[in-house]
Structures are given as C-alpha cells and as structure tokens.
>>> print(open('run.txt').read())   # compact mmCIF, C-alpha atoms and all ligand atoms
# COMPACT_ATOMS: atom_id res chain seq x y z
CA MET A 1 0.00 0.00 0.00
CA THR A 2 1.23 3.51 -0.75
CA PHE A 3 -0.13 6.68 0.75
CA ASP A 4 1.19 9.42 -1.49
CA LYS A 5 -1.17 8.91 -4.39
CA LYS A 6 -4.76 9.93 -4.39
CA SER A 7 -6.89 6.86 -4.35
CA GLN A 8 -9.90 6.81 -6.59
CA LEU A 9 -13.03 7.05 -4.50
CA SER A 10 -15.55 4.38 -5.30
CA SER A 11 -19.06 5.28 -6.41
CA ASP A 12 -20.28 3.64 -3.18
CA ILE A 13 -18.46 6.35 -1.25
CA GLU A 14 -19.09 9.18 -3.72
CA LYS A 15 -22.83 8.87 -3.31
CA TYR A 16 -22.50 9.96 0.34
CA ILE A 17 -20.45 13.08 -0.44
CA ASP A 18 -22.30 16.38 -0.10
CA PRO A 19 -21.32 18.53 -3.11
CA SER A 20 -22.95 21.71 -1.80
CA LEU A 21 -19.95 23.08 0.09
CA ALA A 22 -17.56 22.76 -2.86
CA GLN A 23 -20.14 24.29 -5.18
CA GLU A 24 -20.50 27.29 -2.91
CA MET A 25 -16.75 27.65 -2.35
CA THR A 26 -15.89 27.57 -6.03
CA SER A 27 -16.88 31.16 -6.69
CA GLY A 28 -16.45 34.27 -4.60
CA THR A 29 -13.65 36.08 -2.87
CA ALA A 30 -11.30 34.52 -0.33
CA GLU A 31 -13.38 36.10 2.45
CA GLN A 32 -16.55 34.58 1.03
CA LYS A 33 -14.98 31.13 0.67
CA VAL A 34 -13.95 31.07 4.30
CA ALA A 35 -17.36 32.41 5.36
CA VAL A 36 -19.07 29.58 3.45
CA LEU A 37 -16.72 26.97 4.91
CA PHE A 38 -17.18 28.23 8.48
CA ARG A 39 -20.97 28.44 8.17
CA TYR A 40 -20.99 24.85 6.95
CA MET A 41 -18.81 23.69 9.84
CA GLU A 42 -20.98 25.55 12.36
CA LYS A 43 -24.16 24.05 10.95
CA ARG A 44 -23.07 20.52 10.20
CA GLY A 45 -20.56 20.21 13.02
CA GLN A 46 -23.16 20.07 15.78
CA SER A 47 -23.54 16.30 15.48
CA PHE A 48 -21.50 14.16 17.82
CA TYR A 49 -18.09 12.81 16.91
CA ASP A 50 -18.10 10.47 19.88
CA GLU A 51 -19.79 10.36 23.27
CA VAL A 52 -18.23 13.54 24.58
CA VAL A 53 -17.54 16.13 21.88
CA THR A 54 -19.27 17.42 18.76
CA GLN A 55 -17.48 17.41 15.43
CA LEU A 56 -17.03 21.18 15.70
CA GLU A 57 -15.68 20.96 19.26
CA HIS A 58 -13.24 18.27 18.11
CA ALA A 59 -12.04 20.47 15.23
CA LEU A 60 -11.68 23.52 17.49
CA GLN A 61 -9.80 21.58 20.17
CA CYS A 62 -7.43 20.18 17.55
CA ALA A 63 -6.79 23.61 16.00
CA ALA A 64 -6.25 25.13 19.46
CA LEU A 65 -3.58 22.51 20.21
CA ALA A 66 -1.89 23.34 16.91
CA GLN A 67 -1.94 27.03 17.69
CA GLN A 68 -0.72 26.55 21.29
CA ASN A 69 2.19 24.52 19.95
CA GLY A 70 3.25 27.24 17.51
CA ALA A 71 2.25 25.35 14.35
CA SER A 72 2.34 26.96 10.92
CA ALA A 73 -0.82 28.47 9.43
CA THR A 74 -1.11 25.48 7.09
CA LEU A 75 -0.90 22.96 9.92
CA ILE A 76 -3.40 24.89 12.06
CA THR A 77 -5.74 24.87 9.06
CA GLY A 78 -5.11 21.16 8.55
CA ALA A 79 -5.89 20.54 12.22
CA LEU A 80 -9.14 22.48 11.95
CA LEU A 81 -10.18 20.65 8.79
CA HIS A 82 -8.69 17.19 9.36
CA ASP A 83 -12.08 15.52 9.93
CA VAL A 84 -14.12 17.64 7.54
CA GLY A 85 -14.59 14.45 5.53
CA HIS A 86 -16.83 13.09 8.30
CA ILE A 87 -19.07 16.15 7.98
CA ILE A 88 -19.10 16.03 4.18
CA LEU A 89 -20.08 12.36 4.38
CA ASP A 90 -22.61 13.11 7.13
CA GLU A 91 -20.95 10.54 9.39
CA HIS A 92 -21.60 10.99 13.09
CA ASN A 93 -22.16 9.11 16.27
CA ALA A 94 -25.97 8.90 15.98
CA ASP A 95 -25.53 6.85 12.84
CA ARG A 96 -25.07 3.25 13.94
CA ALA A 97 -22.82 2.45 10.99
CA PHE A 98 -20.35 5.23 11.96
CA LEU A 99 -16.91 3.66 12.47
CA ASP A 100 -18.20 0.24 11.35
CA THR A 101 -17.99 1.10 7.69
CA ASP A 102 -14.89 2.95 6.60
CA LEU A 103 -15.86 5.62 4.08
CA THR A 104 -12.24 6.88 4.10
CA HIS A 105 -13.13 10.30 5.47
CA GLU A 106 -9.46 11.33 5.36
CA GLU A 107 -9.26 10.79 1.60
CA VAL A 108 -12.67 12.38 1.01
CA GLY A 109 -11.74 15.42 3.09
CA ALA A 110 -8.33 15.83 1.42
CA GLN A 111 -9.67 15.51 -2.12
CA TYR A 112 -12.57 17.81 -1.37
CA MET A 113 -10.23 20.51 -0.05
CA GLU A 114 -7.55 20.17 -2.74
CA PRO A 115 -9.03 22.79 -5.10
CA PHE A 116 -8.89 25.32 -2.27
CA PHE A 117 -5.80 24.56 -0.17
CA PRO A 118 -2.14 23.57 -0.80
CA GLU A 119 -0.65 20.16 -0.05
CA ALA A 120 0.76 21.46 3.23
CA VAL A 121 -2.88 21.53 4.37
CA THR A 122 -4.35 18.57 2.51
CA THR A 123 -1.53 16.03 3.01
CA PRO A 124 -1.81 16.00 6.81
CA ILE A 125 -5.59 15.64 6.35
CA ARG A 126 -5.04 12.69 4.00
CA LEU A 127 -2.41 11.09 6.24
CA HIS A 128 -3.94 11.50 9.68
CA VAL A 129 -5.40 7.99 9.55
CA PRO A 130 -2.27 6.17 8.29
CA ALA A 131 -0.41 8.34 10.83
CA LYS A 132 -2.28 6.48 13.54
CA ARG A 133 -1.18 3.19 11.98
CA TYR A 134 2.41 4.51 11.80
CA LEU A 135 2.41 5.59 15.45
CA CYS A 136 0.84 2.30 16.61
CA THR A 137 3.58 0.49 14.70
CA THR A 138 6.50 2.51 16.03
CA ASP A 139 5.30 3.31 19.56
CA ALA A 140 3.69 0.51 21.58
CA SER A 141 2.41 2.86 24.27
CA TYR A 142 0.63 4.95 21.66
CA HIS A 143 -1.94 2.25 20.84
CA ASP A 144 -2.72 1.68 24.51
CA GLY A 145 -3.49 5.37 24.93
CA LEU A 146 -6.09 5.50 22.16
CA SER A 147 -9.79 5.86 22.87
CA GLU A 148 -11.95 2.77 22.41
CA ALA A 149 -13.49 4.24 19.23
CA SER A 150 -10.04 4.95 17.86
CA LYS A 151 -8.82 1.41 18.61
CA ARG A 152 -11.86 0.04 16.83
CA SER A 153 -11.35 2.16 13.72
CA PHE A 154 -7.60 1.37 13.75
CA ARG A 155 -8.38 -2.27 12.98
CA LEU A 156 -10.75 -1.24 10.19
CA GLN A 157 -8.16 1.13 8.76
CA GLY A 158 -5.56 -1.57 8.25
CA GLY A 159 -3.85 -2.21 11.62
CA ILE A 160 -0.07 -2.43 12.01
CA MET A 161 2.08 -1.21 9.08
CA SER A 162 4.54 -3.44 7.28
CA ASP A 163 8.16 -2.21 6.90
CA GLU A 164 7.40 -1.39 3.29
CA GLU A 165 4.38 0.68 4.25
CA ARG A 166 6.40 2.49 6.89
CA ASN A 167 9.16 3.33 4.44
CA ALA A 168 6.63 4.55 1.88
CA PHE A 169 4.97 6.72 4.50
CA GLU A 170 8.28 8.33 5.45
CA GLN A 171 8.90 9.39 1.84
CA ILE A 172 5.85 11.64 1.69
CA PRO A 173 6.37 15.38 2.10
CA HIS A 174 4.61 16.66 5.24
CA PHE A 175 4.45 13.19 6.85
CA GLN A 176 5.91 14.61 10.08
CA ASP A 177 3.12 17.18 10.16
CA ALA A 178 0.62 14.34 9.82
CA LEU A 179 2.16 12.57 12.85
CA THR A 180 2.05 15.78 14.87
CA LEU A 181 -1.54 16.41 13.84
CA ARG A 182 -2.45 12.86 14.81
CA ARG A 183 -1.26 13.33 18.39
CA TRP A 184 -3.35 16.51 18.70
CA ASP A 185 -6.30 14.69 17.14
CA ASP A 186 -6.15 12.08 19.91
CA LEU A 187 -6.09 14.77 22.60
CA ALA A 188 -8.91 16.84 21.07
CA LYS A 189 -11.76 14.93 22.70
CA VAL A 190 -12.16 16.64 26.06
CA LYS A 191 -15.73 17.07 27.28
CA GLY A 192 -16.73 20.65 28.02
CA LEU A 193 -13.31 22.16 27.25
CA GLU A 194 -13.49 25.89 26.53
CA THR A 195 -11.81 26.71 23.25
CA ALA A 196 -11.37 29.71 21.02
CA ALA A 197 -14.28 30.19 18.60
CA LEU A 198 -14.11 29.22 14.94
CA GLU A 199 -13.89 32.93 14.15
CA THR A 200 -10.38 32.98 15.64
CA TYR A 201 -9.08 31.03 12.65
CA ARG A 202 -10.64 33.15 9.92
CA ASP A 203 -7.44 34.99 8.91
CA ILE A 204 -5.26 31.90 9.27
CA VAL A 205 -7.49 29.81 7.01
CA GLN A 206 -7.91 32.64 4.54
CA GLN A 207 -4.17 33.09 4.12
CA CYS A 208 -3.83 29.41 3.25
CA LEU A 209 -6.33 29.49 0.37
CA ILE A 210 -4.83 28.98 -3.09
FE FE A 301 -10.08 13.64 14.38
>>> encode(input="run.txt", output="structure tokens")
Amino acid sequence: MTFDKKSQLSSDIEKYIDPSLAQEMTSGTAEQKVAVLFRYMEKRGQSFYDEVVTQLEHALQCAALAQQNGASATLITGALLHDVGHIILDEHNADRAFLDTDLTHEEVGAQYMEPFFPEAVTTPIRLHVPAKRYLCTTDASYHDGLSEASKRSFRLQGGIMSDEERNAFEQIPHFQDALTLRRWDDLAKVKGLETAALETYRDIVQQCLI
C-alpha cells in the first residue's frame, strides 16, 4: 500500500459526499470562501463525533492545540479541517454504521479541499489515519493510549504497518506534520473544554487558500 497517491473514490463512497460546500466555495472572494466553509462547519458540526464532543468541538480543540504549539498556518488549518470528511459524508455518532464502515473520510476530506488549499494543508488531512497506523507500529504505548473508538477504527483502517508501508509513508512530504496532527487529534476529545471560537481562525485559514 502507498499513501502518497490519491486513491480513486468508489461510487459507493461518492454517493455519500455532499457537493454543496464545494459548489459554494468555487466562486467568490477569499473572504466569502472562508465564510461559506465556516458556516458549513458551524451548521453541520453540531452532530457528535463520539460520546463527549461534537465534530465542531473536536475540530476547534485540535486547531487550538496546533496554535498553542506554535504550528504553521497550514498545519493549524489542517488541524481544523482534518475531519471535515466526516461532515461532508454526514458521518456521526448517531448513525449506527459510523466507524463500522470505513468511508475513508481522510481521503474524502483531502480531495474535497484540494481545489482550495495547498498540499501542506491537505496532506496532513489525508495522512492523519495512516499516521495512527504509523504511530501504533512505532510506539507501543501509543496504541494503549487511544480511545476505544479509535482502537476500533484502527483495525478497520488496516492495523499495524509493514516495513514497506512504513518506508513509503516516510517518503511523503509533510508526513511529520501528519504525525504531529495525529497526536493533537487524539487529545482533542475533552468534554466541556473551553476553546477559542471558529472565528479565531478566519485569517489563518484565509491566508492558506490557493
Ligand atoms: Fe479527528
């Protein structure tokens, strides 16, 4: 398996993808594109990611960790948008099939955002799932620290990496950013945590648009 090439999404997955956001983001100024994206995240991000946080809370907690750790604008934007694929696919905790069927939200999110953002944003989005596999493979304590939902999806997502897969992963530009993002992703599930509002990231996201 390689990770650096876009995989073709199957029609089974494509039928779940909401085209409305991309359609709205295609025209307009940079300000308008970000406004459309943020409105979509506010509206669609109210569903639950897991038992304790909504999709929007998860995104905001992840972006806050990126910002607190002095990440680049592109990595903060990647952190904020890393799970946008779940929203675009309308996957959430109330749906019983969530996490049982892998609709490859990381690939959906990355491909969806590619017309609007550079690879420094979309590659960490694409790689945040294999990054979990990489970290489980190279750091035994990492797997033990995962949430139950994350352990469950880890098995669905392919489990431990072979040496070949690990080497291939390490050849991809921005793979380190994906590993860093992954560790924030795992921490960004704190019930009731106060975070900066989505608005805080408006300028950062806007400066990353292509
Ligand atoms: Fe996540």
>>> residues_near_ligand(input="run.txt", ligand="ligand FE 301 (chain A)", cutoff="7 Å", atoms="only C-alpha atoms and all ligand atoms", output="list of chain:residue names")
A:His58, A:His82, A:Asp83, A:Asp185, A:Asp186
>>> closest_residue(input="run.txt", among="A:Gln61, A:Ser150, A:Thr77, A:Gln176", to="Glu194 in chain A", atoms="only C-alpha atoms")
A:Gln61
>>> residues_around(input="run.txt", residues="range 16-26 of chain A", least_positions_apart="5", cutoff="12 Å", atoms="all atoms listed in the file", output="ChimeraX atom specification")
/A:9-11,31-41,43-44,84-91,103-105,107-109,111-117,209-210
>>> residues_around(input="run.txt", residues="Glu42 in chain A", least_positions_apart="6", cutoff="10 Å", atoms="only C-alpha atoms", output="MDAnalysis selection string")
chainID A and resid 36 55:57 198
>>> atom_distance(input="run.txt", atom1="CA of Glu106 in chain A", atom2="CA of Phe175 in chain A")
14.1 Å
>>> atom_distance(input="run.txt", atom1="CA of Gly78 in chain A", atom2="CA of Thr122 in chain A")
6.6 Å
>>> axis_aligned_box(input="run.txt", around="range 101-115 of chain A", padding_each_side="8 Å", output="lines of an AutoDock Vina configuration file")
center_x = -12.8
center_y = 11.9
center_z = 1.3
size_x = 26.4
size_y = 37.7
size_z = 28.8
>>> residues_around(input="run.txt", residues="Glu148 in chain A", least_positions_apart="4", cutoff="12 Å", atoms="all atoms listed in the file", output="ChimeraX atom specification")
/A:50-51,99,143-144,152-155,186
>>> closest_residue(input="run.txt", among="A:Ala168, A:Ala64, A:Leu187, A:Ala71", to="Tyr134 in chain A", atoms="only C-alpha atoms")
A:Ala168
>>> residues_near_point(input="run.txt", point="(1.9, 1.9, 18.1)", cutoff="12 Å", atoms="all atoms listed in the file", output="list in words")
Pro130, Ala131, Lys132, Arg133, Tyr134, Leu135, Cys136, Thr137, Thr138, Asp139, Ala140, Ser141, Tyr142, His143, Asp144, Gly145, Leu146, Lys151, Phe154, Gly159, Ile160, Met161, Leu179 and Arg183 of chain A
>>> atom_distance(input="run.txt", atom1="CA of Asp102 in chain A", atom2="CA of Leu127 in chain A")
14.9 Å
>>> closest_residue(input="run.txt", among="A:Asp163, A:His174, A:Gln157, A:Arg202", to="Pro124 in chain A", atoms="all atoms listed in the file")
A:His174
>>> decode(input="run.txt", residues="range 23-111 of chain A", atoms="C-alpha atoms", output="PDB file, in the first residue's frame")
ATOM      1  CA  GLN A  23     -20.138  24.290  -5.183  1.00  0.00           C
ATOM      2  CA  GLU A  24     -20.495  27.287  -2.910  1.00  0.00           C
ATOM      3  CA  MET A  25     -16.752  27.653  -2.346  1.00  0.00           C
ATOM      4  CA  THR A  26     -15.894  27.573  -6.035  1.00  0.00           C
ATOM      5  CA  SER A  27     -16.884  31.165  -6.688  1.00  0.00           C
ATOM      6  CA  GLY A  28     -16.451  34.271  -4.602  1.00  0.00           C
ATOM      7  CA  THR A  29     -13.647  36.081  -2.867  1.00  0.00           C
ATOM      8  CA  ALA A  30     -11.303  34.516  -0.334  1.00  0.00           C
ATOM      9  CA  GLU A  31     -13.383  36.098   2.446  1.00  0.00           C
ATOM     10  CA  GLN A  32     -16.554  34.577   1.034  1.00  0.00           C
ATOM     11  CA  LYS A  33     -14.981  31.130   0.671  1.00  0.00           C
ATOM     12  CA  VAL A  34     -13.947  31.066   4.304  1.00  0.00           C
ATOM     13  CA  ALA A  35     -17.357  32.407   5.355  1.00  0.00           C
ATOM     14  CA  VAL A  36     -19.073  29.583   3.448  1.00  0.00           C
ATOM     15  CA  LEU A  37     -16.721  26.970   4.913  1.00  0.00           C
ATOM     16  CA  PHE A  38     -17.175  28.225   8.477  1.00  0.00           C
ATOM     17  CA  ARG A  39     -20.967  28.435   8.173  1.00  0.00           C
ATOM     18  CA  TYR A  40     -20.987  24.849   6.945  1.00  0.00           C
ATOM     19  CA  MET A  41     -18.813  23.686   9.836  1.00  0.00           C
ATOM     20  CA  GLU A  42     -20.983  25.550  12.364  1.00  0.00           C
ATOM     21  CA  LYS A  43     -24.157  24.051  10.955  1.00  0.00           C
ATOM     22  CA  ARG A  44     -23.066  20.520  10.198  1.00  0.00           C
ATOM     23  CA  GLY A  45     -20.558  20.209  13.021  1.00  0.00           C
ATOM     24  CA  GLN A  46     -23.163  20.070  15.783  1.00  0.00           C
ATOM     25  CA  SER A  47     -23.541  16.301  15.482  1.00  0.00           C
ATOM     26  CA  PHE A  48     -21.496  14.156  17.819  1.00  0.00           C
ATOM     27  CA  TYR A  49     -18.094  12.811  16.912  1.00  0.00           C
ATOM     28  CA  ASP A  50     -18.105  10.465  19.884  1.00  0.00           C
ATOM     29  CA  GLU A  51     -19.790  10.360  23.269  1.00  0.00           C
ATOM     30  CA  VAL A  52     -18.230  13.545  24.583  1.00  0.00           C
ATOM     31  CA  VAL A  53     -17.542  16.131  21.877  1.00  0.00           C
ATOM     32  CA  THR A  54     -19.268  17.418  18.760  1.00  0.00           C
ATOM     33  CA  GLN A  55     -17.483  17.412  15.433  1.00  0.00           C
ATOM     34  CA  LEU A  56     -17.030  21.182  15.699  1.00  0.00           C
ATOM     35  CA  GLU A  57     -15.675  20.960  19.263  1.00  0.00           C
ATOM     36  CA  HIS A  58     -13.240  18.275  18.113  1.00  0.00           C
ATOM     37  CA  ALA A  59     -12.044  20.468  15.231  1.00  0.00           C
ATOM     38  CA  LEU A  60     -11.676  23.520  17.487  1.00  0.00           C
ATOM     39  CA  GLN A  61      -9.795  21.578  20.171  1.00  0.00           C
ATOM     40  CA  CYS A  62      -7.429  20.180  17.551  1.00  0.00           C
ATOM     41  CA  ALA A  63      -6.794  23.615  16.000  1.00  0.00           C
ATOM     42  CA  ALA A  64      -6.250  25.129  19.463  1.00  0.00           C
ATOM     43  CA  LEU A  65      -3.577  22.514  20.215  1.00  0.00           C
ATOM     44  CA  ALA A  66      -1.892  23.335  16.905  1.00  0.00           C
ATOM     45  CA  GLN A  67      -1.936  27.028  17.691  1.00  0.00           C
ATOM     46  CA  GLN A  68      -0.717  26.552  21.286  1.00  0.00           C
ATOM     47  CA  ASN A  69       2.186  24.521  19.945  1.00  0.00           C
ATOM     48  CA  GLY A  70       3.249  27.238  17.507  1.00  0.00           C
ATOM     49  CA  ALA A  71       2.248  25.352  14.351  1.00  0.00           C
ATOM     50  CA  SER A  72       2.344  26.964  10.919  1.00  0.00           C
ATOM     51  CA  ALA A  73      -0.820  28.469   9.427  1.00  0.00           C
ATOM     52  CA  THR A  74      -1.107  25.482   7.091  1.00  0.00           C
ATOM     53  CA  LEU A  75      -0.896  22.959   9.924  1.00  0.00           C
ATOM     54  CA  ILE A  76      -3.402  24.885  12.059  1.00  0.00           C
ATOM     55  CA  THR A  77      -5.743  24.867   9.064  1.00  0.00           C
ATOM     56  CA  GLY A  78      -5.106  21.162   8.548  1.00  0.00           C
ATOM     57  CA  ALA A  79      -5.889  20.536  12.219  1.00  0.00           C
ATOM     58  CA  LEU A  80      -9.143  22.478  11.953  1.00  0.00           C
ATOM     59  CA  LEU A  81     -10.182  20.649   8.787  1.00  0.00           C
ATOM     60  CA  HIS A  82      -8.692  17.189   9.357  1.00  0.00           C
ATOM     61  CA  ASP A  83     -12.078  15.516   9.927  1.00  0.00           C
ATOM     62  CA  VAL A  84     -14.119  17.645   7.537  1.00  0.00           C
ATOM     63  CA  GLY A  85     -14.594  14.447   5.532  1.00  0.00           C
ATOM     64  CA  HIS A  86     -16.834  13.089   8.299  1.00  0.00           C
ATOM     65  CA  ILE A  87     -19.071  16.145   7.976  1.00  0.00           C
ATOM     66  CA  ILE A  88     -19.103  16.034   4.181  1.00  0.00           C
ATOM     67  CA  LEU A  89     -20.084  12.359   4.382  1.00  0.00           C
ATOM     68  CA  ASP A  90     -22.613  13.112   7.135  1.00  0.00           C
ATOM     69  CA  GLU A  91     -20.948  10.538   9.390  1.00  0.00           C
ATOM     70  CA  HIS A  92     -21.604  10.987  13.087  1.00  0.00           C
ATOM     71  CA  ASN A  93     -22.161   9.109  16.273  1.00  0.00           C
ATOM     72  CA  ALA A  94     -25.967   8.905  15.985  1.00  0.00           C
ATOM     73  CA  ASP A  95     -25.531   6.854  12.842  1.00  0.00           C
ATOM     74  CA  ARG A  96     -25.066   3.254  13.938  1.00  0.00           C
ATOM     75  CA  ALA A  97     -22.816   2.453  10.990  1.00  0.00           C
ATOM     76  CA  PHE A  98     -20.351   5.225  11.955  1.00  0.00           C
ATOM     77  CA  LEU A  99     -16.913   3.660  12.467  1.00  0.00           C
ATOM     78  CA  ASP A 100     -18.197   0.240  11.352  1.00  0.00           C
ATOM     79  CA  THR A 101     -17.994   1.102   7.688  1.00  0.00           C
ATOM     80  CA  ASP A 102     -14.886   2.950   6.601  1.00  0.00           C
ATOM     81  CA  LEU A 103     -15.864   5.620   4.078  1.00  0.00           C
ATOM     82  CA  THR A 104     -12.240   6.878   4.100  1.00  0.00           C
ATOM     83  CA  HIS A 105     -13.135  10.301   5.474  1.00  0.00           C
ATOM     84  CA  GLU A 106      -9.460  11.326   5.364  1.00  0.00           C
ATOM     85  CA  GLU A 107      -9.261  10.791   1.602  1.00  0.00           C
ATOM     86  CA  VAL A 108     -12.673  12.375   1.008  1.00  0.00           C
ATOM     87  CA  GLY A 109     -11.736  15.420   3.088  1.00  0.00           C
ATOM     88  CA  ALA A 110      -8.329  15.829   1.416  1.00  0.00           C
ATOM     89  CA  GLN A 111      -9.669  15.507  -2.125  1.00  0.00           C
TER      90      GLN A 111
END
